[in-house]
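Novice: So I've got this file, coords.csv, and it contains CSV, N, CA and C atoms:
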chain,number,residue,atom,x,y,z
A,26,MET,N,9.4,-5.8,1.1
A,26,MET,CA,8.9,-4.5,0.8
A,26,MET,C,8.4,-3.9,2.0
A,27,PHE,N,8.7,-2.6,2.2
A,27,PHE,CA,8.3,-1.8,3.3
A,27,PHE,C,7.5,-0.6,2.8
A,28,PHE,N,6.4,-0.4,3.4
A,28,PHE,CA,5.6,0.8,3.0
A,28,PHE,C,5.5,1.8,4.2
A,29,ALA,N,6.4,2.8,4.1
A,29,ALA,CA,6.3,3.9,5.1
A,29,ALA,C,5.5,4.9,4.4
A,30,PRO,N,5.0,5.9,5.1
A,30,PRO,CA,4.1,7.0,4.5
A,30,PRO,C,4.7,7.6,3.2
A,31,ALA,N,6.0,7.9,3.2
A,31,ALA,CA,6.6,8.4,2.0
A,31,ALA,C,6.5,7.5,0.9
A,32,HIS,N,6.7,6.2,1.2
A,32,HIS,CA,6.6,5.2,0.1
A,32,HIS,C,5.2,5.1,-0.5
A,33,ILE,N,4.2,5.2,0.4
A,33,ILE,CA,2.8,5.2,-0.1
A,33,ILE,C,2.6,6.4,-1.0
A,34,GLN,N,3.0,7.5,-0.7
A,34,GLN,CA,2.9,8.7,-1.6
A,34,GLN,C,3.6,8.4,-2.9
A,35,LYS,N,4.8,8.0,-2.9
A,35,LYS,CA,5.5,7.7,-4.1
A,35,LYS,C,4.8,6.6,-4.9
A,36,ARG,N,4.4,5.6,-4.3
A,36,ARG,CA,3.8,4.5,-5.0
A,36,ARG,C,2.5,4.9,-5.6
A,37,ALA,N,1.7,5.7,-4.9
A,37,ALA,CA,0.4,6.2,-5.4
A,37,ALA,C,0.6,7.0,-6.7
A,38,ALA,N,1.7,7.8,-6.7
A,38,ALA,CA,2.0,8.6,-7.9
A,38,ALA,C,2.4,7.7,-9.1
A,39,GLU,N,3.2,6.7,-8.8
A,39,GLU,CA,3.7,5.8,-9.8
A,39,GLU,C,2.5,4.9,-10.3
A,40,TRP,N,1.7,4.4,-9.5
A,40,TRP,CA,0.7,3.4,-9.8
A,40,TRP,C,-0.6,4.0,-10.4
A,41,GLY,N,-0.9,5.3,-10.0
A,41,GLY,CA,-2.1,5.9,-10.5
A,41,GLY,C,-3.3,5.6,-9.6
A,42,PRO,N,-4.4,6.3,-9.9
A,42,PRO,CA,-5.6,6.1,-9.1
A,42,PRO,C,-6.2,4.7,-9.2
A,43,GLY,N,-6.6,4.2,-8.0
A,43,GLY,CA,-7.3,2.9,-7.9
A,43,GLY,C,-6.3,1.7,-8.0
A,44,ALA,N,-5.0,1.9,-8.0
A,44,ALA,CA,-4.1,0.8,-8.2
A,44,ALA,C,-3.8,0.1,-6.9
A,45,PHE,N,-4.1,0.7,-5.8
A,45,PHE,CA,-3.7,0.0,-4.5
A,45,PHE,C,-4.5,-1.4,-4.4
A,46,GLU,N,-5.7,-1.4,-4.8
A,46,GLU,CA,-6.5,-2.7,-4.7
A,46,GLU,C,-5.8,-3.8,-5.5
A,47,ALA,N,-5.3,-3.4,-6.7
A,47,ALA,CA,-4.6,-4.4,-7.6
A,47,ALA,C,-3.2,-4.7,-7.0
A,48,LYS,N,-2.6,-3.9,-6.2
A,48,LYS,CA,-1.3,-4.2,-5.7
A,48,LYS,C,-1.2,-5.0,-4.5
A,49,ALA,N,-2.3,-5.3,-3.8
A,49,ALA,CA,-2.4,-6.1,-2.6
A,49,ALA,C,-1.7,-7.5,-2.8
A,50,PRO,N,-2.1,-8.2,-3.9
A,50,PRO,CA,-1.4,-9.5,-4.1
A,50,PRO,C,0.1,-9.4,-4.2
A,51,GLU,N,0.6,-8.3,-4.9
A,51,GLU,CA,2.0,-8.1,-5.0
A,51,GLU,C,2.7,-7.9,-3.6
A,52,VAL,N,2.0,-7.1,-2.8
A,52,VAL,CA,2.5,-6.9,-1.4
A,52,VAL,C,2.5,-8.2,-0.7
A,53,LEU,N,1.5,-9.0,-0.8
A,53,LEU,CA,1.4,-10.3,-0.1
A,53,LEU,C,2.6,-11.2,-0.6
A,54,ARG,N,2.9,-11.2,-1.8
A,54,ARG,CA,4.0,-12.0,-2.3
A,54,ARG,C,5.3,-11.6,-1.7
A,55,HIS,N,5.5,-10.3,-1.5
A,55,HIS,CA,6.7,-9.8,-0.9
A,55,HIS,C,6.7,-10.2,0.6
A,56,LEU,N,5.6,-10.1,1.3
A,56,LEU,CA,5.5,-10.6,2.7
A,56,LEU,C,5.8,-12.0,2.8
A,57,ASP,N,5.2,-12.9,1.9
A,57,ASP,CA,5.5,-14.3,2.0
A,57,ASP,C,7.0,-14.6,1.7
A,58,ALA,N,7.6,-13.9,0.8
A,58,ALA,CA,9.0,-14.2,0.4
A,58,ALA,C,9.9,-13.9,1.6
A,59,ASN,N,9.5,-13.0,2.4
A,59,ASN,CA,10.3,-12.5,3.6
A,59,ASN,C,9.8,-13.1,4.9
A,60,GLY,N,8.9,-14.0,4.9
A,60,GLY,CA,8.4,-14.6,6.1
A,60,GLY,C,7.6,-13.7,7.0
A,61,VAL,N,7.0,-12.7,6.4
A,61,VAL,CA,6.2,-11.7,7.2
A,61,VAL,C,4.7,-12.1,7.2
A,62,GLU,N,4.1,-12.3,8.3
A,62,GLU,CA,2.7,-12.8,8.4
A,62,GLU,C,1.7,-11.7,8.2
A,63,ARG,N,2.0,-10.5,8.9
A,63,ARG,CA,1.1,-9.4,8.8
A,63,ARG,C,1.9,-8.1,8.7
A,64,MET,N,1.2,-7.1,8.2
A,64,MET,CA,1.9,-5.8,8.0
A,64,MET,C,0.9,-4.7,8.3
A,65,ILE,N,1.4,-3.6,9.0
A,65,ILE,CA,0.6,-2.4,9.2
A,65,ILE,C,1.0,-1.4,8.2
A,66,VAL,N,0.0,-0.8,7.5
A,66,VAL,CA,0.3,0.2,6.6
A,66,VAL,C,-0.2,1.6,7.2
A,67,ILE,N,0.7,2.5,7.2
A,67,ILE,CA,0.4,3.8,7.8
A,67,ILE,C,0.1,4.8,6.7
A,68,SER,N,-1.0,5.5,6.8
A,68,SER,CA,-1.4,6.5,5.8
A,68,SER,C,-0.4,7.7,5.8
A,69,GLU,N,-0.4,8.4,4.7
A,69,GLU,CA,0.5,9.5,4.5
A,69,GLU,C,0.0,10.7,5.4
A,70,GLN,N,1.0,11.4,5.9
A,70,GLN,CA,0.7,12.5,6.8
A,70,GLN,C,0.1,13.7,6.0
A,71,GLU,N,-0.9,14.4,6.7
A,71,GLU,CA,-1.5,15.6,6.2
A,71,GLU,C,-1.7,16.6,7.3
A,72,ARG,N,-1.3,17.8,7.3
A,72,ARG,CA,-1.4,18.7,8.4
A,72,ARG,C,-2.3,20.0,8.0
A,73,VAL,N,-2.8,20.1,6.8
A,73,VAL,CA,-3.4,21.3,6.4
A,73,VAL,C,-4.9,21.2,6.0
A,74,SER,N,-5.2,20.1,5.3
A,74,SER,CA,-6.5,20.0,4.7
A,74,SER,C,-7.2,18.7,5.1
A,75,LEU,N,-8.4,18.9,5.7
A,75,LEU,CA,-9.2,17.7,6.1
A,75,LEU,C,-9.6,16.9,4.9
A,76,PRO,N,-10.1,17.5,3.8
A,76,PRO,CA,-10.4,16.7,2.6
A,76,PRO,C,-9.2,15.9,2.1
A,77,GLU,N,-8.0,16.5,2.1
A,77,GLU,CA,-6.8,15.8,1.6
A,77,GLU,C,-6.4,14.7,2.6
A,78,MET,N,-6.6,14.9,3.9
A,78,MET,CA,-6.3,13.9,4.9
A,78,MET,C,-7.2,12.7,4.7
A,79,ARG,N,-8.5,13.0,4.4
A,79,ARG,CA,-9.5,11.9,4.1
A,79,ARG,C,-9.1,11.1,2.9
A,80,ARG,N,-8.7,11.9,1.8
A,80,ARG,CA,-8.3,11.2,0.6
A,80,ARG,C,-7.1,10.3,0.8
A,81,LYS,N,-6.1,10.7,1.6
A,81,LYS,CA,-5.0,9.9,1.9
A,81,LYS,C,-5.4,8.6,2.7
A,82,LEU,N,-6.4,8.8,3.6
A,82,LEU,CA,-6.8,7.6,4.4
A,82,LEU,C,-7.5,6.6,3.4
A,83,LEU,N,-8.3,7.1,2.5
A,83,LEU,CA,-9.0,6.2,1.6
A,83,LEU,C,-8.0,5.5,0.7
A,84,ALA,N,-6.9,6.2,0.3
A,84,ALA,CA,-5.9,5.5,-0.5
A,84,ALA,C,-5.2,4.4,0.3
A,85,THR,N,-5.0,4.6,1.5
A,85,THR,CA,-4.4,3.5,2.4
A,85,THR,C,-5.4,2.4,2.6
A,86,LYS,N,-6.6,2.8,2.8
A,86,LYS,CA,-7.7,1.8,3.0
A,86,LYS,C,-7.8,0.9,1.8
A,87,ALA,N,-7.7,1.4,0.6
A,87,ALA,CA,-7.7,0.6,-0.6
A,87,ALA,C,-6.7,-0.5,-0.6
A,88,LEU,N,-5.5,-0.2,0.0
A,88,LEU,CA,-4.5,-1.2,0.0
A,88,LEU,C,-4.8,-2.3,1.1
A,89,PHE,N,-5.1,-1.9,2.3
A,89,PHE,CA,-5.4,-3.0,3.3
A,89,PHE,C,-6.7,-3.7,3.1
A,90,ASP,N,-7.6,-3.1,2.4
A,90,ASP,CA,-8.9,-3.8,2.0
A,90,ASP,C,-8.6,-4.9,1.1
A,91,GLY,N,-7.5,-4.9,0.3
A,91,GLY,CA,-7.1,-5.9,-0.6
A,91,GLY,C,-6.7,-7.2,0.1
A,92,ALA,N,-6.4,-7.2,1.3
A,92,ALA,CA,-6.0,-8.4,2.1
A,92,ALA,C,-6.2,-8.1,3.6
A,93,PRO,N,-7.4,-8.0,4.0
A,93,PRO,CA,-7.7,-7.6,5.4
A,93,PRO,C,-7.2,-8.6,6.5
A,94,ASP,N,-7.0,-9.8,6.1
A,94,ASP,CA,-6.5,-10.8,7.0
A,94,ASP,C,-5.0,-10.7,7.2
A,95,ARG,N,-4.3,-9.9,6.3
A,95,ARG,CA,-2.8,-9.8,6.4
A,95,ARG,C,-2.4,-8.4,6.6
A,96,LEU,N,-3.2,-7.4,6.1
A,96,LEU,CA,-2.8,-6.0,6.2
A,96,LEU,C,-3.7,-5.2,7.1
A,97,ALA,N,-3.2,-4.3,7.9
A,97,ALA,CA,-4.0,-3.5,8.7
A,97,ALA,C,-3.5,-2.0,8.5
A,98,GLY,N,-4.4,-1.1,8.8
A,98,GLY,CA,-4.0,0.3,8.6
A,98,GLY,C,-4.0,1.1,9.9
A,99,LEU,N,-3.1,2.1,9.9
A,99,LEU,CA,-3.1,3.1,11.0
A,99,LEU,C,-3.3,4.4,10.3
A,100,ALA,N,-4.3,5.2,10.7
A,100,ALA,CA,-4.6,6.5,10.2
A,100,ALA,C,-3.7,7.6,10.8
A,101,TRP,N,-2.9,8.2,10.0
A,101,TRP,CA,-2.0,9.3,10.5
A,101,TRP,C,-2.8,10.6,10.5
A,102,LEU,N,-3.2,11.0,11.7
A,102,LEU,CA,-4.0,12.2,11.9
A,102,LEU,C,-3.4,13.2,12.8
A,103,ASP,N,-3.7,14.5,12.5
A,103,ASP,CA,-3.3,15.6,13.3
A,103,ASP,C,-4.5,16.1,14.1
A,104,PRO,N,-4.5,15.8,15.4
A,104,PRO,CA,-5.7,16.2,16.2
A,104,PRO,C,-6.0,17.7,16.3
A,105,ARG,N,-5.0,18.5,15.9
A,105,ARG,CA,-5.3,20.0,15.9
A,105,ARG,C,-6.1,20.4,14.7
A,106,LEU,N,-6.1,19.6,13.6
A,106,LEU,CA,-6.9,20.0,12.4
A,106,LEU,C,-8.4,20.0,12.7
A,107,PRO,N,-9.0,21.2,12.4
A,107,PRO,CA,-10.5,21.2,12.6
A,107,PRO,C,-11.2,20.1,11.9
A,108,GLY,N,-12.0,19.3,12.6
A,108,GLY,CA,-12.7,18.2,12.0
A,108,GLY,C,-12.0,16.8,12.1
A,109,ALA,N,-10.8,16.9,12.7
A,109,ALA,CA,-10.0,15.6,12.9
A,109,ALA,C,-10.7,14.6,13.8
A,110,LEU,N,-11.5,15.1,14.8
A,110,LEU,CA,-12.2,14.3,15.7
A,110,LEU,C,-13.2,13.4,14.9
A,111,GLY,N,-14.0,14.0,14.0
A,111,GLY,CA,-14.9,13.3,13.2
A,111,GLY,C,-14.3,12.3,12.3
A,112,LEU,N,-13.1,12.7,11.7
A,112,LEU,CA,-12.4,11.9,10.8
A,112,LEU,C,-11.8,10.7,11.5
A,113,ALA,N,-11.4,10.9,12.7
A,113,ALA,CA,-10.8,9.8,13.5
A,113,ALA,C,-11.9,8.7,13.8
A,114,ARG,N,-13.1,9.2,14.1
A,114,ARG,CA,-14.2,8.3,14.3
A,114,ARG,C,-14.5,7.5,13.0
A,115,GLU,N,-14.6,8.3,11.9
A,115,GLU,CA,-14.8,7.6,10.6
A,115,GLU,C,-13.8,6.6,10.2
A,116,ALA,N,-12.5,7.0,10.5
A,116,ALA,CA,-11.4,6.1,10.1
A,116,ALA,C,-11.5,4.7,10.9
A,117,ILE,N,-11.8,4.8,12.2
A,117,ILE,CA,-11.9,3.6,13.0
A,117,ILE,C,-13.2,2.8,12.8
A,118,GLN,N,-14.3,3.5,12.8
A,118,GLN,CA,-15.6,2.9,12.7
A,118,GLN,C,-16.0,2.5,11.3
A,119,ASP,N,-15.8,3.3,10.4
A,119,ASP,CA,-16.3,3.1,9.0
A,119,ASP,C,-15.3,2.6,8.0
A,120,MET,N,-14.0,3.1,8.1
A,120,MET,CA,-13.0,2.7,7.2
A,120,MET,C,-12.3,1.5,7.6
A,121,GLY,N,-12.3,1.1,8.9
A,121,GLY,CA,-11.7,-0.1,9.3
A,121,GLY,C,-10.2,0.0,9.7
A,122,PHE,N,-9.8,1.2,10.0
A,122,PHE,CA,-8.4,1.4,10.5
A,122,PHE,C,-8.3,0.7,11.9
A,123,ALA,N,-7.1,0.1,12.1
A,123,ALA,CA,-6.9,-0.5,13.4
A,123,ALA,C,-6.6,0.5,14.5
A,124,GLY,N,-6.1,1.7,14.1
A,124,GLY,CA,-5.7,2.6,15.1
A,124,GLY,C,-5.2,3.9,14.4
A,125,ILE,N,-4.6,4.8,15.3
A,125,ILE,CA,-4.2,6.1,14.9
A,125,ILE,C,-2.7,6.3,15.1
A,126,LYS,N,-2.1,7.0,14.1
A,126,LYS,CA,-0.7,7.4,14.2
A,126,LYS,C,-0.6,8.8,14.5
A,127,ILE,N,0.1,9.2,15.5
A,127,ILE,CA,0.2,10.6,15.9
A,127,ILE,C,1.7,11.0,16.1
A,128,ILE,N,2.0,12.2,15.6
A,128,ILE,CA,3.3,12.7,15.9
A,128,ILE,C,3.1,14.1,16.5
A,129,PRO,N,3.3,14.2,17.8
A,129,PRO,CA,3.0,15.5,18.5
A,129,PRO,C,4.1,16.5,18.1
A,130,ASP,N,3.9,17.1,17.0
A,130,ASP,CA,4.8,18.1,16.5
A,130,ASP,C,4.1,19.5,16.6
A,131,HIS,N,4.7,20.3,17.4
A,131,HIS,CA,4.2,21.7,17.7
A,131,HIS,C,3.0,21.6,18.6
A,132,PHE,N,2.9,20.6,19.4
A,132,PHE,CA,1.9,20.5,20.4
A,132,PHE,C,2.3,19.4,21.4
A,133,TYR,N,1.7,19.5,22.6
A,133,TYR,CA,2.0,18.5,23.6
A,133,TYR,C,0.7,17.6,23.8
A,134,VAL,N,0.9,16.3,23.9
A,134,VAL,CA,-0.2,15.4,24.0
A,134,VAL,C,-1.0,15.6,25.2
A,135,TYR,N,-0.5,16.3,26.2
A,135,TYR,CA,-1.2,16.5,27.5
A,135,TYR,C,-2.0,17.8,27.5
A,136,GLU,N,-2.0,18.6,26.4
A,136,GLU,CA,-2.7,19.8,26.3
A,136,GLU,C,-4.2,19.6,26.4
A,137,GLU,N,-4.9,20.5,27.1
A,137,GLU,CA,-6.3,20.3,27.3
A,137,GLU,C,-7.1,20.2,25.9
A,138,ARG,N,-6.7,20.9,24.9
A,138,ARG,CA,-7.4,20.9,23.6
A,138,ARG,C,-7.3,19.5,23.0
A,139,SER,N,-6.4,18.7,23.4
A,139,SER,CA,-6.3,17.3,22.8
A,139,SER,C,-7.2,16.3,23.6
A,140,GLU,N,-7.7,16.7,24.7
A,140,GLU,CA,-8.5,15.7,25.5
A,140,GLU,C,-9.7,15.1,24.8
A,141,PRO,N,-10.5,15.8,24.1
A,141,PRO,CA,-11.6,15.2,23.3
A,141,PRO,C,-11.1,14.1,22.3
A,142,PHE,N,-10.0,14.3,21.7
A,142,PHE,CA,-9.4,13.4,20.8
A,142,PHE,C,-9.0,12.1,21.5
A,143,TRP,N,-8.3,12.2,22.6
A,143,TRP,CA,-7.9,11.0,23.4
A,143,TRP,C,-9.1,10.3,23.9
A,144,ALA,N,-10.1,11.0,24.4
A,144,ALA,CA,-11.3,10.4,24.9
A,144,ALA,C,-12.0,9.6,23.9
A,145,LEU,N,-12.1,10.2,22.6
A,145,LEU,CA,-12.7,9.4,21.5
A,145,LEU,C,-12.0,8.1,21.2
A,146,LEU,N,-10.7,8.2,21.2
A,146,LEU,CA,-9.9,7.0,20.9
A,146,LEU,C,-10.0,6.0,22.0
A,147,ASP,N,-10.1,6.4,23.2
A,147,ASP,CA,-10.4,5.5,24.3
A,147,ASP,C,-11.7,4.8,24.2
A,148,GLU,N,-12.8,5.7,23.9
A,148,GLU,CA,-14.1,5.2,23.7
A,148,GLU,C,-14.2,4.1,22.6
A,149,LEU,N,-13.4,4.3,21.5
A,149,LEU,CA,-13.4,3.4,20.3
A,149,LEU,C,-12.5,2.2,20.5
A,150,GLY,N,-11.7,2.3,21.6
A,150,GLY,CA,-10.7,1.2,21.8
A,150,GLY,C,-9.6,1.1,20.8
A,151,ALA,N,-9.3,2.3,20.2
A,151,ALA,CA,-8.3,2.4,19.1
A,151,ALA,C,-6.9,2.4,19.7
A,152,SER,N,-6.0,1.7,18.9
A,152,SER,CA,-4.6,1.7,19.2
A,152,SER,C,-4.0,3.1,18.8
A,153,ILE,N,-3.0,3.5,19.5
A,153,ILE,CA,-2.3,4.7,19.2
A,153,ILE,C,-0.8,4.5,19.1
A,154,LEU,N,-0.3,4.9,18.0
A,154,LEU,CA,1.2,4.8,17.8
A,154,LEU,C,1.7,6.3,17.7
Can I see the file as structure tokens?
Specialist:
Amino acid sequence: MFFAPAHIQKRAAEWGPGAFEAKAPEVLRHLDANGVERMIVISEQERVSLPEMRRKLLATKALFDGAPDRLAGLAWLDPRLPGALGLAREAIQDMGFAGIKIIPDHFYVYEERSEPFWALLDELGASIL
């Protein structure tokens, strides 16, 4: 079983609210059956709404919290979204995400406006994909 962001969205709709916690054992069975020791789960992408981005992070957290020794999470964040800096800190420090997933779409990672975001991730020792 492979959970890409689109799969997370599809599964969330199929399983309903709160189902990720219950699905962790099923995910682990699939990992075991395929000889996979650990898996990284990436949250679904959101580019418009900070509250929606946070909701998607919490849905992903619910899955990796079900087996923290085997599942880890990457928070897919858009650093251009107002408030993303605070959400990045919350994702790493409070929610337990292992790192951040970034796709530099319509911006360049070396732009000056991105510097505070990169500085925060460096300060937190967060991995970046």
Novice: How close does range 100-153 of chain A get to range 70-78 of chain A? List, as a tab-separated table, each residue of range 100-153 of chain A within 8 Å, its nearest atom pair and the distance in Å to one decimal, counting only C-alpha atoms.
Specialist:
residue	atom	partner	partner_atom	distance
A:Trp101	CA	A:Gln70	CA	5.6
A:Leu102	CA	A:Gln70	CA	6.9
A:Asp103	CA	A:Arg72	CA	6.1
A:Leu106	CA	A:Arg72	CA	6.9
A:Pro107	CA	A:Leu75	CA	7.5
A:Gly108	CA	A:Leu75	CA	6.9
A:Ala109	CA	A:Leu75	CA	7.2
Novice: Produce a file of the selected residues containing N, CA and C atoms, as a PDB file, keeping the file's coordinate frame.
Specialist:
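Okay, this is what ended up in part.pdb:
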ATOM      1  N   TRP A 101      -2.900   8.200  10.000  1.00  0.00           N
ATOM      2  CA  TRP A 101      -2.000   9.300  10.500  1.00  0.00           C
ATOM      3  C   TRP A 101      -2.800  10.600  10.500  1.00  0.00           C
ATOM      4  N   LEU A 102      -3.200  11.000  11.700  1.00  0.00           N
ATOM      5  CA  LEU A 102      -4.000  12.200  11.900  1.00  0.00           C
ATOM      6  C   LEU A 102      -3.400  13.200  12.800  1.00  0.00           C
ATOM      7  N   ASP A 103      -3.700  14.500  12.500  1.00  0.00           N
ATOM      8  CA  ASP A 103      -3.300  15.600  13.300  1.00  0.00           C
ATOM      9  C   ASP A 103      -4.500  16.100  14.100  1.00  0.00           C
ATOM     10  N   LEU A 106      -6.100  19.600  13.600  1.00  0.00           N
ATOM     11  CA  LEU A 106      -6.900  20.000  12.400  1.00  0.00           C
ATOM     12  C   LEU A 106      -8.400  20.000  12.700  1.00  0.00           C
ATOM     13  N   PRO A 107      -9.000  21.200  12.400  1.00  0.00           N
ATOM     14  CA  PRO A 107     -10.500  21.200  12.600  1.00  0.00           C
ATOM     15  C   PRO A 107     -11.200  20.100  11.900  1.00  0.00           C
ATOM     16  N   GLY A 108     -12.000  19.300  12.600  1.00  0.00           N
ATOM     17  CA  GLY A 108     -12.700  18.200  12.000  1.00  0.00           C
ATOM     18  C   GLY A 108     -12.000  16.800  12.100  1.00  0.00           C
ATOM     19  N   ALA A 109     -10.800  16.900  12.700  1.00  0.00           N
ATOM     20  CA  ALA A 109     -10.000  15.600  12.900  1.00  0.00           C
ATOM     21  C   ALA A 109     -10.700  14.600  13.800  1.00  0.00           C
TER      22      ALA A 109
END
Novice: Apply DSSP to the structure's backbone, then extract all residues of chain A labelled strand (DSSP E or B) and return them as a ChimeraX atom specification.
Specialist: /A:64-67,96-101,124-126,152-153
Novice: The selected residues should be written to file as a compact mmCIF listing (two decimals), keeping the file's coordinate frame (atoms: N, CA and C atoms).
Specialist:
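Below you can see again.txt, which holds the result:
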# COMPACT_ATOMS: atom_id res chain seq x y z
N MET A 64 1.20 -7.10 8.20
CA MET A 64 1.90 -5.80 8.00
C MET A 64 0.90 -4.70 8.30
N ILE A 65 1.40 -3.60 9.00
CA ILE A 65 0.60 -2.40 9.20
C ILE A 65 1.00 -1.40 8.20
N VAL A 66 0.00 -0.80 7.50
CA VAL A 66 0.30 0.20 6.60
C VAL A 66 -0.20 1.60 7.20
N ILE A 67 0.70 2.50 7.20
CA ILE A 67 0.40 3.80 7.80
C ILE A 67 0.10 4.80 6.70
N LEU A 96 -3.20 -7.40 6.10
CA LEU A 96 -2.80 -6.00 6.20
C LEU A 96 -3.70 -5.20 7.10
N ALA A 97 -3.20 -4.30 7.90
CA ALA A 97 -4.00 -3.50 8.70
C ALA A 97 -3.50 -2.00 8.50
N GLY A 98 -4.40 -1.10 8.80
CA GLY A 98 -4.00 0.30 8.60
C GLY A 98 -4.00 1.10 9.90
N LEU A 99 -3.10 2.10 9.90
CA LEU A 99 -3.10 3.10 11.00
C LEU A 99 -3.30 4.40 10.30
N ALA A 100 -4.30 5.20 10.70
CA ALA A 100 -4.60 6.50 10.20
C ALA A 100 -3.70 7.60 10.80
N TRP A 101 -2.90 8.20 10.00
CA TRP A 101 -2.00 9.30 10.50
C TRP A 101 -2.80 10.60 10.50
N GLY A 124 -6.10 1.70 14.10
CA GLY A 124 -5.70 2.60 15.10
C GLY A 124 -5.20 3.90 14.40
N ILE A 125 -4.60 4.80 15.30
CA ILE A 125 -4.20 6.10 14.90
C ILE A 125 -2.70 6.30 15.10
N LYS A 126 -2.10 7.00 14.10
CA LYS A 126 -0.70 7.40 14.20
C LYS A 126 -0.60 8.80 14.50
N SER A 152 -6.00 1.70 18.90
CA SER A 152 -4.60 1.70 19.20
C SER A 152 -4.00 3.10 18.80
N ILE A 153 -3.00 3.50 19.50
CA ILE A 153 -2.30 4.70 19.20
C ILE A 153 -0.80 4.50 19.10
Novice: Which residue, A:Leu149, A:Ala113, A:Val134, A:Leu88, has the smallest gap to Lys48 in chain A when you use all atoms listed in the file?
Specialist: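 Once distances to Lys48 in chain A are computed over all atoms listed in the file, the minimum belongs to A:Leu88.
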Novice: Could you tell me which of A:Pro141, A:Ala49, A:Tyr135, A:Glu62 comes closest to Ala87 in chain A if we count only N, CA and C atoms?
Specialist: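 The shortest atom-to-atom distance to Ala87 in chain A comes from A:Ala49.
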Novice: Would you kindly return, as an MDAnalysis selection string, each protein, DNA or RNA residue with an atom no farther than 6.5 Å from any atom of Ile125 in chain A, considering all atoms listed in the file and excluding same-chain residues fewer than 4 positions away?
Specialist: chainID A and resid 99:102 151:154
Novice: Interatomic distance between atom N of Gly60 in chain A and CA of Phe122 in chain A?
Specialist: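 Between atom N of Gly60 in chain A and CA of Phe122 in chain A the gap is 23.8 Å.
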Novice: Considering only N, CA and C atoms, can you say which of A:Leu96, A:Ala144, A:Ile117, A:Leu110 comes closest to Met64 in chain A?
Specialist: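 The closest residue to Met64 in chain A is A:Leu96.
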Novice: Could you jot down the atom C of Gly150 in chain A to atom N of Gln118 in chain A separation for me, Å, one decimal place?
Specialist: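 If I compute the distance from atom C of Gly150 in chain A to atom N of Gln118 in chain A, I get 9.6 Å.
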Novice: Ranking A:Ala97, A:Val66, A:Leu82, A:Ala92 by minimum distance to Ala116 in chain A and counting all atoms listed in the file, which one comes first?
Specialist: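 Closest candidate: A:Leu82.
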Novice: Quick one: pull the distance between atom N of Glu136 in chain A and atom C of Arg105 in chain A, Å, one decimal.
Specialist: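 Rounded to one decimal, the two atoms are 12.5 Å apart.
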Novice: Find the residues near Met120 in chain A: any atom within 8 Å, counting only C-alpha atoms, skip ones fewer than 4 places away on the same chain, and give them as a count of residues only.
Specialist: 4
Novice: Please reconstruct the missing atoms of range 96-106 of chain A (target: N, CA, C and O atoms) and return them as a short mmCIF file (atom, residue, chain, number, x, y, z; two decimals), keeping the file's coordinate frame.
Specialist:
data_model
loop_
_atom_site.label_atom_id
_atom_site.label_comp_id
_atom_site.auth_asym_id
_atom_site.auth_seq_id
_atom_site.Cartn_x
_atom_site.Cartn_y
_atom_site.Cartn_z
N LEU A 96 -3.20 -7.40 6.10
CA LEU A 96 -2.80 -6.00 6.20
C LEU A 96 -3.70 -5.20 7.10
O LEU A 96 -4.95 -5.44 7.01
N ALA A 97 -3.20 -4.30 7.90
CA ALA A 97 -4.00 -3.50 8.70
C ALA A 97 -3.50 -2.00 8.50
O ALA A 97 -2.39 -1.83 8.05
N GLY A 98 -4.40 -1.10 8.80
CA GLY A 98 -4.00 0.30 8.60
C GLY A 98 -4.00 1.10 9.90
O GLY A 98 -4.80 0.91 10.79
N LEU A 99 -3.10 2.10 9.90
CA LEU A 99 -3.10 3.10 11.00
C LEU A 99 -3.30 4.40 10.30
O LEU A 99 -2.66 4.75 9.26
N ALA A 100 -4.30 5.20 10.70
CA ALA A 100 -4.60 6.50 10.20
C ALA A 100 -3.70 7.60 10.80
O ALA A 100 -3.79 7.80 12.01
N TRP A 101 -2.90 8.20 10.00
CA TRP A 101 -2.00 9.30 10.50
C TRP A 101 -2.80 10.60 10.50
O TRP A 101 -3.10 11.17 9.50
N LEU A 102 -3.20 11.00 11.70
CA LEU A 102 -4.00 12.20 11.90
C LEU A 102 -3.40 13.20 12.80
O LEU A 102 -2.56 12.89 13.63
N ASP A 103 -3.70 14.50 12.50
CA ASP A 103 -3.30 15.60 13.30
C ASP A 103 -4.50 16.10 14.10
O ASP A 103 -5.39 16.63 13.53
N PRO A 104 -4.50 15.80 15.40
CA PRO A 104 -5.70 16.20 16.20
C PRO A 104 -6.00 17.70 16.30
O PRO A 104 -7.06 18.05 16.65
N ARG A 105 -5.00 18.50 15.90
CA ARG A 105 -5.30 20.00 15.90
C ARG A 105 -6.10 20.40 14.70
O ARG A 105 -6.61 21.52 14.71
N LEU A 106 -6.10 19.60 13.60
CA LEU A 106 -6.90 20.00 12.40
C LEU A 106 -8.40 20.00 12.70
O LEU A 106 -8.91 19.04 13.17
#
